[in-house]
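The structure appears right after this line, and notes come after that.
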Amino acid sequence: MSVTVETAARNTPAAVIVAIDGPSGTGKSSTSKAVAAKLGLSYLDTGAQYRAITWWMISNGVDVQDAAAVANASAKPAIVSGTDPAAPTITVDGADASGPIRTQEVTAKVSAVSAVAEVRARITELQREIAAAAEGGIVVEGRDIGTTVLPDADLKVFLTASPEARAARRSGELKGSQASGLAATRDALVKRDAADSSRKTSPLAKADDAVEVDTTELTLQQVIECVVTLVEEKRAAR
Ligand code: DC
C-alpha cells in the first residue's frame, strides 16, 4: 500500500501553494490567473470575496461605516468562489456577483468592510477551506495571504509598482462612465492602500519570507515568467 502512495507522489508534481500579495494595480490578478493556468493550479481572488461581502452589505441596507452592524451581519451571506483560472466565478446567496462587485460604490466601501475583524475571520476561514480542498495546488492572491491566511505557503510573492504605474494600469481597466482622470485614480488608489495598510487586523503587508517583485518597468508577460520560474524552482527544490 505504501509503495503505491510513494510512487504516485513521485509521479505527480506536488501540490504547491502560492501566495501573491500587494497593493492594487500591480498586476496581481492577471499574473495570478496566468501563473495558475500555466501550471495547472487552482486560483482564488480574495479581493473578490471582500468585494462580495461588501456588495451584500450595501444591498441589504447595512451602513458600512457602522462596524458593529457589519460585524453582526458578517455570517449571513453565502459566498462561493469558483477556482478555475480560465473562468473564476463568485456568487453571493446563489446569485452571480462578478459584475456588481466591480462597481465604484463597492470599490469605495470595501476597505471599511474588510477592516472589520469578524469579516476577516469569516473570509479567512473560507480561504483556508478552499486552499485545503485544491488538491493540485492553488495560487491565492490578496493582501494578507503570506502573512496571515497561509503563512506556510510554499512560495510567497509580494508585487509592487510605483503609484503612477498602478494608476495608469487601473485607468486602462476602467471603462466608460467608471473612467475618471489619471490623477483621481491615483489618489483613490493611494487612499485605499493607506486604509488597507493601516487597519488593525491583518493589514496589507509583505511577509518576511516573501520575494518582492517591482513590476513598474516590467511587462505583464515578464512578471508571469518571473513568478512561474519561482514556482518551478520551489517545486524542484522539494
Ligand atoms: O484586490 P481588490 O482591489 O479587488 O481588493 C479589494 C479590497 O479588498 C482591498 O481594497 C482590500 C480588501 N482585501 C483585503 O483586505 N484582504 C485581501 N486578502 C484581499 C483584499
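Just remember, in the C-alpha cells the first chain shown is A, the second B, etc., residues are 1-based per chain, and ligands are 1-based in the order shown.
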Could you please extract the residues within 6 Å of ligand 1, counting only C-alpha atoms and all ligand atoms, and hand them back as a PDB file with C-alpha atoms, in the first residue's frame?
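See pocket_31.pdb below for the written result:
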ATOM      1  CA  SER A  24      -3.950  47.316  -6.267  1.00  0.00           C
ATOM      2  CA  THR A  46      -9.593  37.022  -2.225  1.00  0.00           C
ATOM      3  CA  GLY A  47     -10.314  40.668  -3.081  1.00  0.00           C
ATOM      4  CA  ALA A  48     -13.423  39.420  -4.903  1.00  0.00           C
ATOM      5  CA  TYR A  50     -14.217  41.048   0.276  1.00  0.00           C
ATOM      6  CA  ARG A  51     -15.977  42.871  -2.549  1.00  0.00           C
ATOM      7  CA  VAL A 110     -14.642  47.648   0.506  1.00  0.00           C
ATOM      8  CA  SER A 111     -11.811  48.931   2.723  1.00  0.00           C
ATOM      9  CA  SER A 114     -12.688  44.435   5.107  1.00  0.00           C
ATOM     10  CA  GLY A 142      -4.685  39.212  -1.879  1.00  0.00           C
ATOM     11  CA  ARG A 143      -3.198  41.486   0.761  1.00  0.00           C
ATOM     12  CA  ASP A 144      -2.554  39.228   3.777  1.00  0.00           C
ATOM     13  CA  ILE A 145      -2.199  35.765   2.261  1.00  0.00           C
ATOM     14  CA  ARG A 192      -7.343  52.663  -0.449  1.00  0.00           C
ATOM     15  CA  ASP A 196      -5.658  48.618   3.796  1.00  0.00           C
TER      16      ASP A 196
END
*Fewer than 6 positions away in the same chain doesn't count, so skip those; otherwise give me all residues within 12 Å of Asn72 in chain A, counting only C-alpha atoms, as a PyMOL selection string.*
chain A and resi 57+62-64+66+113+116-119+122
*May I ask which of the residues A:Pro88, A:Gly146, A:Pro100, A:Pro163 is the closest one to Ala37 in chain A, counting only C-alpha atoms?*
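Checking each of A:Pro88, A:Gly146, A:Pro100, A:Pro163 against Ala37 in chain A, counting only C-alpha atoms, the winner is A:Pro88.
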*Find the spatial neighbours of Trp56 in chain A, counting only C-alpha atoms, within a cut-off of 12 Å - ignore same-chain residues fewer than 5 positions away - and output them as a list in words.*
Gln49, Tyr50, Arg51, Gly61, Val62, Asp63, Val64, Val70, Ala73, Ser74, Ala75, Lys76, Pro77, Ala78, Ile79, Thr91, Val92, Asp93, Gly94, Ala95, Asp96, Ala97, Pro100, Ile101, Val106, Lys109, Val110 and Val113 of chain A
*asked:* Residues of range 2-231 of chain A classed as helix (DSSP H, G or I) by DSSP on the backbone are to be reported as a VMD selection string.
replied: chain A and resid 2 to 11 28 to 39 46 to 59 67 to 73 100 to 102 104 to 114 117 to 133 145 to 149 163 to 173 176 to 178 182 to 198 220 to 231
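Each of A:Gln127, A:Gln221, A:Gln65, A:Ser162 was compared to Ala108 in chain A using only C-alpha atoms, and A:Gln65 turns out to be the nearest.
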_Need to verify the contact set: Arg170 in chain A, 10 Å, only C-alpha atoms, exclusion of same-chain residues closer than 4 positions in sequence. Can you return it as a list in words?_
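Near Arg170 in chain A, the qualifying residues are Ser24, Gly25, Thr26, Gly27, Glu164, Ala165, Arg166, Leu174, Ala179, Leu182, Thr185, Arg186 and Leu189 of chain A.
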Could those residues be written to a file, using all heavy atoms, as a PDB file, in the first residue's frame?
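To be explicit, this is the file written out as selection-v3.pdb:
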ATOM      1  N   SER A  24      -3.217  47.396  -5.003  1.00  0.00           N
ATOM      2  CA  SER A  24      -3.950  47.316  -6.267  1.00  0.00           C
ATOM      3  C   SER A  24      -3.168  47.944  -7.419  1.00  0.00           C
ATOM      4  O   SER A  24      -2.373  48.859  -7.212  1.00  0.00           O
ATOM      5  CB  SER A  24      -5.317  47.990  -6.141  1.00  0.00           C
ATOM      6  OG  SER A  24      -5.287  48.975  -5.159  1.00  0.00           O
ATOM      7  N   GLY A  25      -3.393  47.395  -8.600  1.00  0.00           N
ATOM      8  CA  GLY A  25      -2.745  47.956  -9.793  1.00  0.00           C
ATOM      9  C   GLY A  25      -1.335  47.448 -10.034  1.00  0.00           C
ATOM     10  O   GLY A  25      -0.632  47.947 -10.901  1.00  0.00           O
ATOM     11  N   THR A  26      -0.912  46.419  -9.300  1.00  0.00           N
ATOM     12  CA  THR A  26       0.438  45.874  -9.502  1.00  0.00           C
ATOM     13  C   THR A  26       0.428  44.705 -10.479  1.00  0.00           C
ATOM     14  O   THR A  26       1.469  44.125 -10.766  1.00  0.00           O
ATOM     15  CB  THR A  26       1.051  45.400  -8.168  1.00  0.00           C
ATOM     16  OG1 THR A  26       0.115  44.545  -7.520  1.00  0.00           O
ATOM     17  CG2 THR A  26       1.388  46.559  -7.264  1.00  0.00           C
ATOM     18  N   GLY A  27      -0.775  44.331 -10.964  1.00  0.00           N
ATOM     19  CA  GLY A  27      -0.879  43.208 -11.904  1.00  0.00           C
ATOM     20  C   GLY A  27      -1.099  41.880 -11.193  1.00  0.00           C
ATOM     21  O   GLY A  27      -0.928  40.820 -11.793  1.00  0.00           O
ATOM     22  N   GLU A 164       2.216  55.812  -9.932  1.00  0.00           N
ATOM     23  CA  GLU A 164       1.892  56.280 -11.293  1.00  0.00           C
ATOM     24  C   GLU A 164       1.600  55.089 -12.211  1.00  0.00           C
ATOM     25  O   GLU A 164       0.618  55.088 -12.950  1.00  0.00           O
ATOM     26  CB  GLU A 164       3.045  57.106 -11.870  1.00  0.00           C
ATOM     27  CG  GLU A 164       3.227  58.480 -11.248  1.00  0.00           C
ATOM     28  CD  GLU A 164       3.720  58.447  -9.800  1.00  0.00           C
ATOM     29  OE1 GLU A 164       4.410  57.464  -9.417  1.00  0.00           O
ATOM     30  OE2 GLU A 164       3.398  59.378  -9.041  1.00  0.00           O
ATOM     31  N   ALA A 165       2.446  54.070 -12.144  1.00  0.00           N
ATOM     32  CA  ALA A 165       2.242  52.888 -12.986  1.00  0.00           C
ATOM     33  C   ALA A 165       0.946  52.184 -12.601  1.00  0.00           C
ATOM     34  O   ALA A 165       0.180  51.737 -13.467  1.00  0.00           O
ATOM     35  CB  ALA A 165       3.426  51.921 -12.830  1.00  0.00           C
ATOM     36  N   ARG A 166       0.667  52.110 -11.312  1.00  0.00           N
ATOM     37  CA  ARG A 166      -0.553  51.425 -10.859  1.00  0.00           C
ATOM     38  C   ARG A 166      -1.798  52.182 -11.307  1.00  0.00           C
ATOM     39  O   ARG A 166      -2.777  51.577 -11.761  1.00  0.00           O
ATOM     40  CB  ARG A 166      -0.523  51.262  -9.339  1.00  0.00           C
ATOM     41  CG  ARG A 166       0.658  50.385  -8.926  1.00  0.00           C
ATOM     42  CD  ARG A 166       0.584  49.895  -7.513  1.00  0.00           C
ATOM     43  NE  ARG A 166       0.844  50.920  -6.519  1.00  0.00           N
ATOM     44  CZ  ARG A 166      -0.055  51.346  -5.640  1.00  0.00           C
ATOM     45  NH1 ARG A 166      -1.270  50.843  -5.618  1.00  0.00           N
ATOM     46  NH2 ARG A 166       0.256  52.262  -4.764  1.00  0.00           N
ATOM     47  N   LEU A 174     -10.654  50.469 -16.275  1.00  0.00           N
ATOM     48  CA  LEU A 174     -11.983  51.042 -16.064  1.00  0.00           C
ATOM     49  C   LEU A 174     -12.549  51.534 -17.385  1.00  0.00           C
ATOM     50  O   LEU A 174     -11.840  52.142 -18.174  1.00  0.00           O
ATOM     51  CB  LEU A 174     -11.915  52.204 -15.069  1.00  0.00           C
ATOM     52  CG  LEU A 174     -11.408  51.837 -13.672  1.00  0.00           C
ATOM     53  CD1 LEU A 174     -11.271  53.088 -12.817  1.00  0.00           C
ATOM     54  CD2 LEU A 174     -12.334  50.844 -13.001  1.00  0.00           C
ATOM     55  N   ALA A 179     -14.588  55.476 -15.835  1.00  0.00           N
ATOM     56  CA  ALA A 179     -13.253  56.034 -16.032  1.00  0.00           C
ATOM     57  C   ALA A 179     -13.191  57.450 -15.468  1.00  0.00           C
ATOM     58  O   ALA A 179     -14.054  58.275 -15.717  1.00  0.00           O
ATOM     59  CB  ALA A 179     -12.927  56.046 -17.520  1.00  0.00           C
ATOM     60  N   LEU A 182      -6.588  60.366 -14.540  1.00  0.00           N
ATOM     61  CA  LEU A 182      -5.468  59.606 -14.004  1.00  0.00           C
ATOM     62  C   LEU A 182      -5.142  60.047 -12.575  1.00  0.00           C
ATOM     63  O   LEU A 182      -4.894  59.224 -11.690  1.00  0.00           O
ATOM     64  CB  LEU A 182      -4.257  59.826 -14.920  1.00  0.00           C
ATOM     65  CG  LEU A 182      -3.185  58.755 -14.888  1.00  0.00           C
ATOM     66  CD1 LEU A 182      -3.770  57.400 -15.258  1.00  0.00           C
ATOM     67  CD2 LEU A 182      -2.064  59.121 -15.858  1.00  0.00           C
ATOM     68  N   THR A 185      -7.697  58.686 -10.181  1.00  0.00           N
ATOM     69  CA  THR A 185      -7.492  57.249  -9.991  1.00  0.00           C
ATOM     70  C   THR A 185      -6.315  57.007  -9.059  1.00  0.00           C
ATOM     71  O   THR A 185      -6.362  56.176  -8.150  1.00  0.00           O
ATOM     72  CB  THR A 185      -7.219  56.564 -11.350  1.00  0.00           C
ATOM     73  OG1 THR A 185      -8.294  56.859 -12.218  1.00  0.00           O
ATOM     74  CG2 THR A 185      -7.079  55.064 -11.207  1.00  0.00           C
ATOM     75  N   ARG A 186      -5.229  57.774  -9.273  1.00  0.00           N
ATOM     76  CA  ARG A 186      -4.036  57.630  -8.443  1.00  0.00           C
ATOM     77  C   ARG A 186      -4.384  57.953  -6.978  1.00  0.00           C
ATOM     78  O   ARG A 186      -4.024  57.209  -6.069  1.00  0.00           O
ATOM     79  CB  ARG A 186      -2.950  58.583  -8.956  1.00  0.00           C
ATOM     80  CG  ARG A 186      -1.643  58.486  -8.209  1.00  0.00           C
ATOM     81  CD  ARG A 186      -0.700  59.599  -8.676  1.00  0.00           C
ATOM     82  NE  ARG A 186       0.590  59.533  -8.017  1.00  0.00           N
ATOM     83  CZ  ARG A 186       0.820  59.900  -6.769  1.00  0.00           C
ATOM     84  NH1 ARG A 186      -0.176  60.346  -6.014  1.00  0.00           N
ATOM     85  NH2 ARG A 186       2.029  59.803  -6.250  1.00  0.00           N
ATOM     86  N   LEU A 189      -6.437  55.187  -5.400  1.00  0.00           N
ATOM     87  CA  LEU A 189      -5.615  54.003  -5.120  1.00  0.00           C
ATOM     88  C   LEU A 189      -4.764  54.196  -3.876  1.00  0.00           C
ATOM     89  O   LEU A 189      -4.707  53.322  -3.003  1.00  0.00           O
ATOM     90  CB  LEU A 189      -4.633  53.756  -6.283  1.00  0.00           C
ATOM     91  CG  LEU A 189      -5.077  52.959  -7.484  1.00  0.00           C
ATOM     92  CD1 LEU A 189      -3.916  52.812  -8.453  1.00  0.00           C
ATOM     93  CD2 LEU A 189      -5.526  51.585  -7.034  1.00  0.00           C
TER      94      LEU A 189
END
*Can you list, as a VMD selection string, every protein, DNA or RNA residue that comes within 12 Å of Glu233 in chain A when you count only C-alpha atoms, leaving out same-chain residues fewer than 6 positions away?*
chain A and resid 16 154 to 155 226 to 227
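The strand (DSSP E or B) portion of range 51-168 of chain A consists of Ile79, Val80, Ser81, Gly82, Thr89, Ile90, Thr91, Val92, Ala95, Asp96, Gly137, Ile138, Val139, Val140, Glu141, Gly142, Leu155, Lys156, Val157, Phe158, Leu159 and Thr160 of chain A, with states taken from DSSP on the backbone.
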*asked:* I need the residue nearest Val149 in chain A from this list: A:Glu135, A:Glu217, A:Glu225, A:Glu125. Use only C-alpha atoms for the distance.
replied: A:Glu125
_Length of the CA of Ser202 in chain A to CA of Ala52 in chain A vector [Å]_ =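 Calculated distance between CA of Ser202 in chain A and CA of Ala52 in chain A is 18.8 Å.
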